[in-house]
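File shown here: final00.cif, holding mmCIF, C-alpha atoms.
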```
data_structure
#
loop_
_atom_site.label_atom_id
_atom_site.label_comp_id
_atom_site.auth_asym_id
_atom_site.auth_seq_id
_atom_site.Cartn_x
_atom_site.Cartn_y
_atom_site.Cartn_z
CA TYR A 1171 0.00 0.00 0.00
CA TYR A 1172 2.69 2.49 1.03
CA LEU A 1173 4.85 1.43 -1.91
CA GLY A 1174 2.02 2.35 -4.29
CA GLN A 1175 1.09 5.56 -2.47
CA SER A 1176 4.71 6.75 -2.31
CA ALA A 1177 5.35 5.90 -5.95
CA LEU A 1178 2.32 7.94 -6.99
CA ALA A 1179 3.23 10.84 -4.69
CA MET A 1180 6.78 11.04 -6.08
CA ASN A 1181 5.68 10.45 -9.68
CA VAL A 1182 7.73 7.27 -9.92
CA PRO A 1183 6.78 5.58 -13.20
CA PHE A 1184 5.22 2.13 -12.96
CA ILE A 1185 8.05 0.67 -15.04
CA ALA A 1186 10.46 1.66 -12.24
CA VAL A 1187 8.53 -0.56 -9.82
CA VAL A 1188 8.76 -3.37 -12.38
CA TYR A 1189 12.54 -2.82 -12.63
CA VAL A 1190 12.87 -3.09 -8.84
CA GLY A 1191 10.94 -6.36 -8.86
CA MET A 1192 13.10 -7.77 -11.65
CA ALA A 1193 16.28 -6.70 -9.84
CA SER A 1194 15.10 -8.47 -6.68
CA TYR A 1195 14.46 -11.66 -8.66
CA PHE A 1196 17.87 -11.68 -10.37
CA GLN A 1197 19.54 -10.77 -7.07
CA THR A 1198 17.96 -13.89 -5.55
CA LEU A 1199 19.39 -16.01 -8.39
CA ILE A 1200 22.86 -14.57 -7.75
CA ASP A 1201 22.57 -15.41 -4.06
CA ARG A 1202 21.60 -18.98 -4.92
CA VAL A 1203 24.69 -19.42 -7.13
CA LYS A 1204 26.85 -18.11 -4.27
CA ASP A 1205 25.15 -20.54 -1.90
CA TYR A 1206 25.93 -23.35 -4.33
CA PHE A 1207 29.65 -22.53 -4.28
CA ARG A 1208 29.50 -22.48 -0.50
CA THR A 1209 27.99 -25.98 -0.42
CA ILE A 1210 30.72 -27.42 -2.67
CA HIS A 1211 33.45 -25.59 -0.72
CA ARG A 1212 34.60 -23.17 -3.45
CA PRO A 1213 35.17 -19.95 -1.44
CA PHE A 1214 37.13 -18.13 -4.15
CA MET A 1215 34.27 -18.37 -6.65
CA TYR A 1216 31.90 -17.12 -3.96
CA ILE A 1217 34.17 -14.12 -3.34
CA PHE A 1218 34.60 -13.51 -7.09
CA ILE A 1219 30.84 -13.21 -7.64
CA GLN A 1220 30.45 -10.91 -4.63
CA VAL A 1221 33.28 -8.61 -5.77
CA PHE A 1222 32.08 -8.60 -9.40
CA TRP A 1223 28.62 -7.59 -8.24
CA ALA A 1224 30.06 -4.68 -6.26
CA PHE A 1225 32.03 -3.46 -9.29
CA ALA A 1226 28.98 -3.84 -11.54
CA ARG A 1227 26.93 -1.60 -9.27
CA LEU A 1228 29.80 0.88 -9.08
CA ALA A 1229 30.05 0.93 -12.88
CA ALA A 1230 26.30 1.57 -13.12
CA ILE A 1231 26.54 4.52 -10.72
CA LEU A 1232 29.54 5.99 -12.57
CA ALA A 1233 27.78 5.59 -15.92
CA LEU A 1234 24.72 7.34 -14.53
CA TRP A 1235 26.93 10.18 -13.28
CA PHE A 1236 29.11 10.69 -16.35
CA LEU A 1237 26.26 10.42 -18.83
CA SER A 1238 24.38 13.15 -16.92
CA VAL A 1239 21.03 11.55 -17.64
CA ASP A 1240 17.76 12.08 -15.83
CA ILE A 1241 18.39 10.23 -12.55
CA LEU A 1242 14.80 9.28 -11.77
CA ASP A 1243 14.18 8.00 -15.27
CA LYS A 1244 17.43 6.06 -15.71
CA TYR A 1245 18.48 4.97 -12.23
CA PHE A 1246 16.34 1.83 -12.19
CA GLN A 1247 17.46 0.89 -15.70
CA PHE A 1248 21.12 1.00 -14.66
CA LEU A 1249 20.23 -0.99 -11.54
CA ILE A 1250 18.62 -3.82 -13.48
CA VAL A 1251 21.46 -3.88 -16.05
CA SER A 1252 24.12 -4.29 -13.34
CA VAL A 1253 22.17 -7.10 -11.65
CA VAL A 1254 21.42 -8.94 -14.91
CA VAL A 1255 25.06 -8.75 -16.04
CA THR A 1256 26.19 -10.13 -12.67
CA CYS A 1257 23.59 -12.89 -12.91
CA LEU A 1258 24.82 -13.88 -16.40
CA VAL A 1259 28.44 -13.92 -15.22
CA SER A 1260 27.41 -16.05 -12.23
CA PHE A 1261 25.74 -18.61 -14.50
CA PHE A 1262 28.79 -18.54 -16.80
CA VAL A 1263 31.27 -19.38 -14.02
CA VAL A 1264 29.00 -22.11 -12.66
CA ARG A 1265 28.24 -23.68 -16.05
CA LYS A 1266 30.95 -26.37 -15.91
CA ASN A 1267 29.71 -27.54 -12.54
CA PHE A 1268 26.12 -27.70 -13.71
CA LEU A 1269 26.37 -28.82 -17.31
CA ALA A 1270 28.73 -31.79 -16.99
CA PRO A 1271 26.75 -34.82 -18.28
CA ASP A 1272 27.79 -37.06 -15.41
CA ASN A 1273 26.47 -34.84 -12.65
CA LEU A 1274 23.92 -32.58 -14.36
CA LYS A 1275 20.92 -34.05 -12.57
CA GLU A 1276 22.68 -34.27 -9.22
CA LYS A 1277 24.03 -30.70 -9.19
CA TRP A 1278 20.85 -29.03 -10.42
CA GLY A 1279 18.86 -31.12 -7.98
CA ARG A 1280 21.12 -30.04 -5.17
CA LEU A 1281 20.85 -26.37 -6.13
CA LEU A 1282 17.06 -26.51 -6.35
CA LYS A 1283 16.78 -28.41 -3.08
CA PHE A 1284 19.08 -26.00 -1.26
CA GLY A 1285 18.40 -22.74 -3.09
CA ALA A 1286 14.77 -22.73 -4.18
CA PRO A 1287 13.40 -22.60 -0.61
CA LEU A 1288 15.52 -19.47 -0.04
CA VAL A 1289 13.77 -17.43 -2.75
CA PRO A 1290 11.04 -16.24 -0.33
CA ALA A 1291 13.80 -15.30 2.13
CA GLY A 1292 15.35 -13.03 -0.50
CA LEU A 1293 12.04 -11.28 -1.11
CA ALA A 1294 11.36 -10.98 2.64
CA THR A 1295 14.81 -9.45 3.17
CA TYR A 1296 14.15 -6.93 0.41
CA VAL A 1297 10.87 -5.90 2.09
CA MET A 1298 12.63 -5.55 5.46
CA GLN A 1299 15.34 -3.36 3.93
CA THR A 1300 12.91 -1.00 2.21
CA CYS A 1301 9.77 -1.07 4.35
CA ASP A 1302 10.92 1.74 6.66
CA ARG A 1303 11.62 4.10 3.73
CA TRP A 1304 8.30 3.50 2.02
CA MET A 1305 6.32 3.88 5.24
CA ILE A 1306 8.14 7.10 6.16
CA ALA A 1307 7.29 8.45 2.72
CA GLY A 1308 3.67 7.34 3.15
CA GLN A 1309 3.07 8.45 6.76
CA LEU A 1310 5.38 11.48 7.03
CA ASP A 1311 6.84 13.44 4.11
CA GLY A 1312 9.76 13.65 1.72
CA GLU A 1313 11.83 15.79 4.08
CA ALA A 1314 11.62 13.17 6.84
CA LEU A 1315 12.52 10.47 4.33
CA GLY A 1316 15.61 12.43 3.27
CA ILE A 1317 16.76 12.91 6.88
CA TYR A 1318 16.27 9.21 7.65
CA ALA A 1319 18.09 8.20 4.46
CA ILE A 1320 21.14 10.25 5.49
CA GLY A 1321 21.24 8.51 8.89
CA ALA A 1322 20.85 5.13 7.21
CA LYS A 1323 23.73 5.87 4.82
CA ILE A 1324 26.05 6.68 7.74
CA SER A 1325 25.14 3.43 9.47
CA LEU A 1326 25.76 1.58 6.20
CA LEU A 1327 29.46 2.30 6.64
CA MET A 1328 29.25 -0.57 9.13
CA THR A 1329 27.84 -2.80 6.43
CA ALA A 1330 30.81 -2.10 4.15
CA ALA A 1331 33.29 -3.10 6.86
CA ILE A 1332 31.25 -6.14 7.89
CA GLY A 1333 30.88 -7.26 4.28
CA VAL A 1334 34.65 -7.37 3.78
CA VAL A 1335 35.14 -9.56 6.87
CA MET A 1336 32.20 -11.85 6.12
CA LEU A 1337 33.56 -12.52 2.62
CA SER A 1338 36.20 -14.63 4.38
CA VAL A 1339 34.16 -15.85 7.34
CA LYS A 1340 31.20 -17.25 5.40
CA PRO A 1341 33.12 -19.57 3.04
CA LEU A 1342 35.36 -20.72 5.90
CA LEU A 1343 32.54 -21.67 8.25
CA SER A 1344 30.39 -23.05 5.42
CA ARG A 1345 33.21 -25.44 4.60
CA ARG A 1346 34.07 -26.34 8.19
CA ILE A 1347 30.54 -27.30 9.22
CA HIS A 1348 30.66 -30.10 6.63
CA GLU A 1349 34.26 -31.20 7.20
CA ALA A 1350 35.14 -30.84 10.90
CA SER A 1351 33.69 -32.49 13.98
CA ASN A 1352 30.81 -30.87 15.86
CA GLU A 1353 33.09 -30.05 18.81
CA VAL A 1354 35.66 -28.28 16.62
CA VAL A 1355 32.99 -26.32 14.76
CA SER A 1356 31.31 -25.33 18.03
CA ARG A 1357 34.57 -23.88 19.39
CA LEU A 1358 35.22 -22.09 16.10
CA ILE A 1359 31.73 -20.54 16.00
CA ASP A 1360 31.97 -19.49 19.63
CA PHE A 1361 35.35 -17.79 19.14
CA MET A 1362 34.54 -16.08 15.83
CA PHE A 1363 31.06 -14.96 16.89
CA ARG A 1364 32.32 -13.42 20.15
CA PHE A 1365 35.07 -11.48 18.42
CA TYR A 1366 32.78 -10.44 15.58
CA LEU A 1367 30.37 -8.86 18.08
CA LEU A 1368 33.19 -7.29 20.11
CA VAL A 1369 34.95 -5.75 17.11
CA PHE A 1370 31.92 -4.45 15.25
CA PHE A 1371 30.00 -3.15 18.24
CA SER A 1372 33.21 -1.30 19.22
CA VAL A 1373 33.49 0.05 15.66
CA GLY A 1374 29.78 0.92 15.85
CA VAL A 1375 30.33 2.96 19.01
CA PHE A 1376 33.18 4.80 17.27
CA LEU A 1377 30.96 5.45 14.23
CA VAL A 1378 28.27 6.92 16.49
CA ILE A 1379 30.90 9.17 18.11
CA VAL A 1380 32.07 10.59 14.76
CA SER A 1381 28.60 10.74 13.17
CA PRO A 1382 28.10 14.47 14.01
CA TRP A 1383 31.24 15.31 12.00
CA LEU A 1384 30.20 13.03 9.16
CA LEU A 1385 26.80 14.70 9.02
CA HIS A 1386 28.43 18.12 9.08
CA ILE A 1387 30.67 17.17 6.14
CA LEU A 1388 28.18 15.17 4.05
CA ALA A 1389 24.83 16.91 4.61
CA PRO A 1390 23.43 20.44 4.85
CA PRO A 1391 22.23 21.77 8.24
CA GLU A 1392 18.59 20.77 7.73
CA TYR A 1393 19.64 17.09 7.71
CA GLN A 1394 21.53 17.13 11.02
CA GLY A 1395 18.53 15.57 12.75
CA ALA A 1396 19.50 12.25 11.16
CA ILE A 1397 21.87 11.61 14.06
CA VAL A 1398 19.03 10.40 16.31
CA CYS A 1399 18.58 7.17 14.33
CA VAL A 1400 22.24 6.24 13.73
CA GLY A 1401 22.68 4.16 16.91
CA PHE A 1402 19.69 1.89 16.36
CA LEU A 1403 20.57 1.39 12.68
CA VAL A 1404 24.20 0.54 13.52
CA PHE A 1405 22.92 -2.13 15.92
CA ALA A 1406 20.62 -3.55 13.22
CA ASN A 1407 23.44 -3.66 10.66
CA VAL A 1408 25.73 -5.57 13.04
CA LEU A 1409 23.01 -8.20 13.56
CA LEU A 1410 21.86 -8.49 9.95
CA GLY A 1411 25.37 -8.25 8.53
CA GLY A 1412 26.94 -11.16 10.39
CA ALA A 1413 25.18 -12.30 13.56
CA MET A 1414 22.32 -13.62 11.45
CA PHE A 1415 24.75 -15.90 9.60
CA PHE A 1416 26.36 -17.25 12.78
CA THR A 1417 22.99 -18.07 14.32
CA SER A 1418 21.69 -19.90 11.21
CA LEU A 1419 24.56 -22.36 10.67
CA GLY A 1420 22.44 -25.25 11.95
CA GLN A 1421 20.01 -24.59 9.10
CA TRP A 1422 22.81 -24.71 6.52
CA LYS A 1423 24.27 -27.85 8.09
CA SER A 1424 20.93 -29.68 8.01
CA GLU A 1425 20.18 -28.19 4.54
CA LYS A 1426 16.64 -27.41 5.65
CA THR A 1427 16.82 -23.96 4.14
CA TRP A 1428 13.05 -23.52 4.04
CA THR A 1429 13.27 -22.79 7.77
CA TYR A 1430 15.34 -19.69 6.99
CA SER A 1431 12.58 -18.43 4.71
CA LEU A 1432 10.13 -19.10 7.52
CA THR A 1433 12.07 -16.99 10.05
CA SER A 1434 12.58 -14.31 7.38
CA PHE A 1435 8.83 -14.16 6.84
CA PHE A 1436 8.07 -13.74 10.55
CA ALA A 1437 10.75 -11.06 10.88
CA MET A 1438 9.32 -9.26 7.83
CA VAL A 1439 5.79 -9.30 9.29
CA LEU A 1440 7.06 -7.94 12.62
CA ASN A 1441 9.05 -5.27 10.78
CA ILE A 1442 5.96 -4.10 8.87
CA ILE A 1443 3.82 -4.00 12.03
CA LEU A 1444 6.43 -2.14 14.09
CA ASN A 1445 7.10 0.38 11.32
CA TYR A 1446 3.37 1.01 10.91
CA ARG A 1447 2.92 1.58 14.66
CA PHE A 1448 6.13 3.42 15.53
CA ILE A 1449 6.55 5.79 12.57
CA SER A 1450 3.19 7.46 13.11
CA GLU A 1451 3.97 8.01 16.80
CA TYR A 1452 7.73 8.63 16.95
CA GLY A 1453 8.73 9.65 13.43
CA ILE A 1454 12.06 8.58 11.95
CA ILE A 1455 13.42 7.30 15.26
CA GLY A 1456 10.42 4.97 15.36
CA ALA A 1457 11.54 3.49 12.04
CA ALA A 1458 15.06 2.97 13.41
CA VAL A 1459 13.73 1.28 16.55
CA ALA A 1460 11.46 -0.96 14.44
CA THR A 1461 14.43 -2.02 12.29
CA ALA A 1462 16.60 -2.78 15.34
CA LEU A 1463 13.89 -4.79 17.12
CA SER A 1464 13.07 -6.74 13.95
CA ALA A 1465 16.75 -7.61 13.48
CA LEU A 1466 17.02 -8.77 17.11
CA PHE A 1467 13.88 -10.89 16.74
CA PHE A 1468 15.26 -12.36 13.51
CA VAL A 1469 18.54 -13.39 15.18
CA ILE A 1470 16.85 -14.89 18.26
CA LEU A 1471 14.34 -16.83 16.16
CA ASN A 1472 17.09 -18.07 13.84
CA TYR A 1473 19.22 -19.19 16.78
CA ASN A 1474 16.45 -21.21 18.42
CA LEU A 1475 15.30 -22.89 15.22
CA SER A 1476 18.86 -23.54 14.03
CA GLN A 1477 19.81 -25.19 17.32
CA LYS A 1478 16.80 -27.50 17.07
CA LEU A 1479 17.88 -28.62 13.58
CA HIS A 1480 21.56 -29.09 14.43
CA ARG A 1481 22.96 -28.20 17.82
CA TYR A 1482 26.30 -26.44 18.25
CA ASP A 1483 27.55 -26.13 21.82
CA TYR A 1484 28.73 -22.58 22.20
CA HIS A 1485 28.20 -20.09 25.04
CA ALA A 1486 24.90 -18.50 24.09
CA ILE A 1487 24.67 -16.52 27.35
CA SER A 1488 27.94 -14.70 26.62
CA LEU A 1489 26.93 -14.05 23.02
CA PHE A 1490 23.51 -12.64 23.80
CA SER A 1491 24.97 -10.66 26.71
CA LEU A 1492 27.29 -9.07 24.16
CA ILE A 1493 24.34 -8.29 21.91
CA PHE A 1494 22.48 -6.68 24.81
CA VAL A 1495 25.47 -4.60 25.90
CA GLY A 1496 26.06 -3.66 22.25
CA LEU A 1497 22.50 -2.38 21.94
CA VAL A 1498 22.72 -0.37 25.15
CA SER A 1499 26.13 1.05 24.23
CA VAL A 1500 25.28 2.36 20.74
CA VAL A 1501 21.93 3.78 21.92
CA LEU A 1502 23.26 5.53 25.05
CA VAL A 1503 26.39 6.83 23.30
CA ASN A 1504 24.17 8.08 20.46
CA ASP A 1505 22.04 9.97 22.98
CA ALA A 1506 25.10 11.34 24.80
CA VAL A 1507 26.96 12.51 21.69
CA ILE A 1508 24.09 14.87 20.86
CA ASN A 1509 24.50 16.71 24.18
CA ASP A 1510 28.09 16.23 25.40
CA ILE A 1511 30.82 14.73 23.22
CA TYR A 1512 33.27 14.29 26.12
CA PHE A 1513 30.75 12.39 28.22
CA ALA A 1514 29.98 10.25 25.16
CA LEU A 1515 33.70 9.45 24.78
CA GLY A 1516 33.98 8.37 28.42
CA LEU A 1517 30.82 6.33 28.14
CA SER A 1518 32.09 4.60 25.00
CA ILE A 1519 35.35 3.57 26.74
CA VAL A 1520 33.36 2.05 29.61
CA PHE A 1521 31.12 0.06 27.26
CA VAL A 1522 33.98 -1.18 25.06
CA PHE A 1523 35.85 -2.33 28.19
CA ALA A 1524 32.70 -4.11 29.43
CA MET A 1525 32.32 -5.89 26.09
CA MET A 1526 35.96 -6.97 26.23
CA LEU A 1527 35.40 -8.52 29.66
CA ILE A 1528 32.46 -10.52 28.27
CA ALA A 1529 34.00 -11.48 24.91
CA VAL A 1530 37.62 -12.34 25.77
CA ARG A 1531 38.40 -15.11 28.23
CA PRO A 1532 41.55 -14.88 30.40
CA GLY A 1533 43.58 -17.52 28.55
CA GLU A 1534 42.78 -15.99 25.16
CA TYR A 1535 44.73 -12.77 25.76
CA VAL A 1536 48.03 -14.68 25.68
CA HIS A 1537 46.92 -16.68 22.63
CA ILE A 1538 45.88 -13.54 20.73
CA ALA A 1539 49.12 -11.73 21.58
CA THR A 1540 51.18 -14.74 20.50
CA THR A 1541 49.27 -15.06 17.22
CA ILE A 1542 49.69 -11.35 16.41
CA ARG A 1543 53.41 -11.54 17.23
CA ARG A 1544 53.85 -14.61 15.00
CA TYR A 1545 52.12 -12.99 12.02
CA LEU A 1546 54.06 -9.76 12.48
CA ALA A 1547 57.30 -11.75 12.61
CA LYS A 1548 56.36 -13.53 9.36
CA GLY A 1549 55.54 -10.23 7.70
CA MET A 1550 58.94 -8.78 8.67
CA ASN A 1551 60.75 -12.04 7.85
CA VAL A 1552 61.89 -12.43 11.43
CA LYS A 1553 62.81 -15.99 12.38
#
```

In structure tokens, write the structure found in this file.
Amino acid sequence: YYLGQSALAMNVPFIAVVYVGMASYFQTLIDRVKDYFRTIHRPFMYIFIQVFWAFARLAAILALWFLSVDILDKYFQFLIVSVVVTCLVSFFVVRKNFLAPDNLKEKWGRLLKFGAPLVPAGLATYVMQTCDRWMIAGQLDGEALGIYAIGAKISLLMTAAIGVVMLSVKPLLSRRIHEASNEVVSRLIDFMFRFYLLVFFSVGVFLVIVSPWLLHILAPPEYQGAIVCVGFLVFANVLLGGAMFFTSLGQWKSEKTWTYSLTSFFAMVLNIILNYRFISEYGIIGAAVATALSALFFVILNYNLSQKLHRYDYHAISLFSLIFVGLVSVVLVNDAVINDIYFALGLSIVFVFAMMLIAVRPGEYVHIATTIRRYLAKGMNVK
């Protein structure tokens, strides 16, 4: 409803909505090819497709800029071209694996069994990522949408950093869950998940601290109100960017991927309901809160269902304690940085120290220091 109302209000042509739908479909196909390479333990092909997709989108943006065309009319066309080209390249690199006569039926059957149930998850994720914008446009106005979009773009800096790290983490864990023992995988998940939360919630706190300067540099004065939603959106990006993957490994191990679409659907419904209720009452900060709560619900639901399908024995209390402290830290520091930057700095140090106490166990300090020293010695050719 809000998609249609907003499109009419902003004079978005109907063909643009069709382009967005087509882009979502081809994006889902690309994700399924990447999932296939994860299941056959080919991390470099997975990374190649991800990087190619990023460069295709960058090329589309640069073409749009240098050609100086009408942005509203041509943006969606460049979007669909970049996605389709990436999809064709993905099918090209996977062709040998799929078209070999001896395993054609087996490989395509495996892809359909593993990937087809994830198509609804891709659509649900798209709705979750755009629902807040469309509802702000429908319930508030274009100015509020612009302010919220600026805050969302600042928080997306987290997504860029997380994406780089997860390019290595996802193929590694996807391979290990099929090769190593349950005990080894459990220890690996526990260690990597704890340090993922520690590092990126700490980076998130830093991003909240510098967000007033970023807003001052990147946006005119009338958009400075975007700072109120940065903290909640940073929290949501940390959960959706990586925590969601860690908590769904049992679903990938059991290959019951339809359960991921199920949790995605419930999270999408909650996201729509919360956005509808909160935006009308609290404005753009209501949209940020709705996104954060939906992401937290998504992770908790994924964790419980994933553990029922295939149990990994890691310290859930420590992990969810980190998530709770991470939420409190980015929200309180966000509130403090608006009023007193020095108090916000002190508060951020306290929260980062608290997260270190939860995330790092006493014996791991020595192990981490030894590992860093060893890699530094290798880099400097020290024997």

Task: Among listed residues A:Ser1372, A:Lys1423, A:Thr1417, A:Leu1471, nearest A:Ala1350 (using all atoms listed in the file) - done: A:Lys1423

Open item on the list: Restricting the calculation to only C-alpha atoms: of A:Thr1256, A:Gln1247, A:Thr1429, A:Ser1344, which residue gets closest to A:Ile1200?
Closed with: A:Thr1256

Show which residues sit within 12 Å of A:Trp1383, as an mmCIF file with C-alpha atoms, in the coordinates of the input. Count only C-alpha atoms, and ignore same-chain residues fewer than 6 positions away.
```cif
data_model
loop_
_atom_site.group_PDB
_atom_site.id
_atom_site.type_symbol
_atom_site.label_atom_id
_atom_site.label_comp_id
_atom_site.auth_asym_id
_atom_site.auth_seq_id
_atom_site.Cartn_x
_atom_site.Cartn_y
_atom_site.Cartn_z
ATOM 1 C CA ILE A 1324 26.050 6.680 7.740
ATOM 2 C CA PHE A 1376 33.180 4.800 17.270
ATOM 3 C CA LEU A 1377 30.960 5.450 14.230
ATOM 4 C CA ALA A 1389 24.830 16.910 4.610
ATOM 5 C CA PRO A 1390 23.430 20.440 4.850
ATOM 6 C CA PRO A 1391 22.230 21.770 8.240
ATOM 7 C CA GLN A 1394 21.530 17.130 11.020
ATOM 8 C CA ILE A 1397 21.870 11.610 14.060
ATOM 9 C CA VAL A 1507 26.960 12.510 21.690
ATOM 10 C CA ILE A 1508 24.090 14.870 20.860
ATOM 11 C CA ILE A 1511 30.820 14.730 23.220
#
```

Open item on the list: Show me, as a PyMOL selection string, the residues that have an atom within 9 Å of A:Gly1321 when counting only C-alpha atoms, minus same-chain residues fewer than 5 positions from it.
Closed with: chain A and resi 1316+1326+1381+1385+1393-1400+1403

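Taking atom CA of A:Val1469 as the reference point, atom CA of A:Asp1483 is found at 17.0 Å.
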
TODO: Can you work out the spacing between atom CA of A:Ile1217 and atom CA of A:Leu1232 in Å, to one decimal?
DONE: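 Atom CA of A:Ile1217 sits 22.6 Å away from atom CA of A:Leu1232.
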
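The interatomic distance for the pair atom CA of A:Ile1306 and atom CA of A:Ile1449 works out to 6.7 Å.
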
TODO: List the residues selected by the PyMOL selection byres ((chain A and resi 1301) around 10) in the file shown, writing them as a list in words.
DONE: Tyr1172, Leu1173, Thr1295, Tyr1296, Val1297, Met1298, Gln1299, Thr1300, Asp1302, Arg1303, Trp1304, Met1305, Ile1306, Ala1307, Met1438, Asn1441, Ile1442, Asn1445, Tyr1446, Ala1457 and Thr1461 of chain A

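Nearest-residue note for A:Phe1222: choosing from A:Cys1257, A:Leu1368, A:Leu1249, A:Leu1310, the minimum distance belongs to A:Cys1257, counting all atoms listed in the file.
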
TODO: Measuring atom to atom with all atoms listed in the file, identify which of A:Leu1342, A:Ala1286, A:Ala1437, A:Val1334 is nearest to A:Arg1212.
DONE: A:Leu1342

Just so I have it separately, write stretch 1219-1225 of chain A from the block I sent, keeping all heavy atoms, as a PDB file, in the first residue's frame.
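Result file result_24.pdb:
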```pdb
ATOM      1  N   ILE A1219      32.164 -13.690  -7.276  1.00  0.00           N
ATOM      2  CA  ILE A1219      30.837 -13.207  -7.639  1.00  0.00           C
ATOM      3  C   ILE A1219      30.461 -11.986  -6.808  1.00  0.00           C
ATOM      4  O   ILE A1219      29.907 -11.005  -7.321  1.00  0.00           O
ATOM      5  CB  ILE A1219      29.791 -14.329  -7.468  1.00  0.00           C
ATOM      6  CG1 ILE A1219      30.063 -15.459  -8.471  1.00  0.00           C
ATOM      7  CG2 ILE A1219      28.377 -13.795  -7.665  1.00  0.00           C
ATOM      8  CD1 ILE A1219      29.200 -16.676  -8.269  1.00  0.00           C
ATOM      9  N   GLN A1220      30.775 -12.031  -5.514  1.00  0.00           N
ATOM     10  CA  GLN A1220      30.448 -10.907  -4.635  1.00  0.00           C
ATOM     11  C   GLN A1220      31.183  -9.648  -5.070  1.00  0.00           C
ATOM     12  O   GLN A1220      30.597  -8.556  -5.144  1.00  0.00           O
ATOM     13  CB  GLN A1220      30.815 -11.271  -3.194  1.00  0.00           C
ATOM     14  CG  GLN A1220      30.375 -10.259  -2.157  1.00  0.00           C
ATOM     15  CD  GLN A1220      28.887 -10.299  -1.897  1.00  0.00           C
ATOM     16  OE1 GLN A1220      28.221 -11.271  -2.220  1.00  0.00           O
ATOM     17  NE2 GLN A1220      28.359  -9.237  -1.319  1.00  0.00           N
ATOM     18  N   VAL A1221      32.473  -9.771  -5.363  1.00  0.00           N
ATOM     19  CA  VAL A1221      33.276  -8.612  -5.769  1.00  0.00           C
ATOM     20  C   VAL A1221      32.824  -8.099  -7.140  1.00  0.00           C
ATOM     21  O   VAL A1221      32.718  -6.880  -7.361  1.00  0.00           O
ATOM     22  CB  VAL A1221      34.767  -8.981  -5.783  1.00  0.00           C
ATOM     23  CG1 VAL A1221      35.601  -7.858  -6.381  1.00  0.00           C
ATOM     24  CG2 VAL A1221      35.242  -9.296  -4.369  1.00  0.00           C
ATOM     25  N   PHE A1222      32.542  -9.011  -8.069  1.00  0.00           N
ATOM     26  CA  PHE A1222      32.083  -8.595  -9.398  1.00  0.00           C
ATOM     27  C   PHE A1222      30.780  -7.816  -9.288  1.00  0.00           C
ATOM     28  O   PHE A1222      30.577  -6.809  -9.989  1.00  0.00           O
ATOM     29  CB  PHE A1222      31.881  -9.816 -10.294  1.00  0.00           C
ATOM     30  CG  PHE A1222      31.484  -9.462 -11.707  1.00  0.00           C
ATOM     31  CD1 PHE A1222      32.456  -9.246 -12.674  1.00  0.00           C
ATOM     32  CD2 PHE A1222      30.145  -9.327 -12.066  1.00  0.00           C
ATOM     33  CE1 PHE A1222      32.100  -8.903 -13.974  1.00  0.00           C
ATOM     34  CE2 PHE A1222      29.779  -8.981 -13.350  1.00  0.00           C
ATOM     35  CZ  PHE A1222      30.762  -8.764 -14.310  1.00  0.00           C
ATOM     36  N   TRP A1223      29.892  -8.271  -8.431  1.00  0.00           N
ATOM     37  CA  TRP A1223      28.621  -7.590  -8.244  1.00  0.00           C
ATOM     38  C   TRP A1223      28.837  -6.168  -7.730  1.00  0.00           C
ATOM     39  O   TRP A1223      28.196  -5.217  -8.182  1.00  0.00           O
ATOM     40  CB  TRP A1223      27.767  -8.406  -7.276  1.00  0.00           C
ATOM     41  CG  TRP A1223      26.335  -7.973  -7.212  1.00  0.00           C
ATOM     42  CD1 TRP A1223      25.715  -7.041  -7.988  1.00  0.00           C
ATOM     43  CD2 TRP A1223      25.336  -8.459  -6.320  1.00  0.00           C
ATOM     44  NE1 TRP A1223      24.398  -6.923  -7.649  1.00  0.00           N
ATOM     45  CE2 TRP A1223      24.152  -7.787  -6.627  1.00  0.00           C
ATOM     46  CE3 TRP A1223      25.336  -9.405  -5.316  1.00  0.00           C
ATOM     47  CZ2 TRP A1223      22.970  -8.025  -5.930  1.00  0.00           C
ATOM     48  CZ3 TRP A1223      24.173  -9.644  -4.634  1.00  0.00           C
ATOM     49  CH2 TRP A1223      23.003  -8.966  -4.936  1.00  0.00           C
ATOM     50  N   ALA A1224      29.764  -6.011  -6.795  1.00  0.00           N
ATOM     51  CA  ALA A1224      30.055  -4.681  -6.261  1.00  0.00           C
ATOM     52  C   ALA A1224      30.584  -3.765  -7.366  1.00  0.00           C
ATOM     53  O   ALA A1224      30.181  -2.600  -7.480  1.00  0.00           O
ATOM     54  CB  ALA A1224      31.066  -4.793  -5.118  1.00  0.00           C
ATOM     55  N   PHE A1225      31.486  -4.283  -8.209  1.00  0.00           N
ATOM     56  CA  PHE A1225      32.031  -3.464  -9.292  1.00  0.00           C
ATOM     57  C   PHE A1225      30.972  -3.168 -10.355  1.00  0.00           C
ATOM     58  O   PHE A1225      30.990  -2.097 -10.972  1.00  0.00           O
ATOM     59  CB  PHE A1225      33.232  -4.165  -9.922  1.00  0.00           C
ATOM     60  CG  PHE A1225      34.516  -3.936  -9.179  1.00  0.00           C
ATOM     61  CD1 PHE A1225      35.032  -4.909  -8.345  1.00  0.00           C
ATOM     62  CD2 PHE A1225      35.196  -2.732  -9.293  1.00  0.00           C
ATOM     63  CE1 PHE A1225      36.212  -4.700  -7.644  1.00  0.00           C
ATOM     64  CE2 PHE A1225      36.377  -2.509  -8.604  1.00  0.00           C
ATOM     65  CZ  PHE A1225      36.882  -3.500  -7.774  1.00  0.00           C
TER      66      PHE A1225
END
```
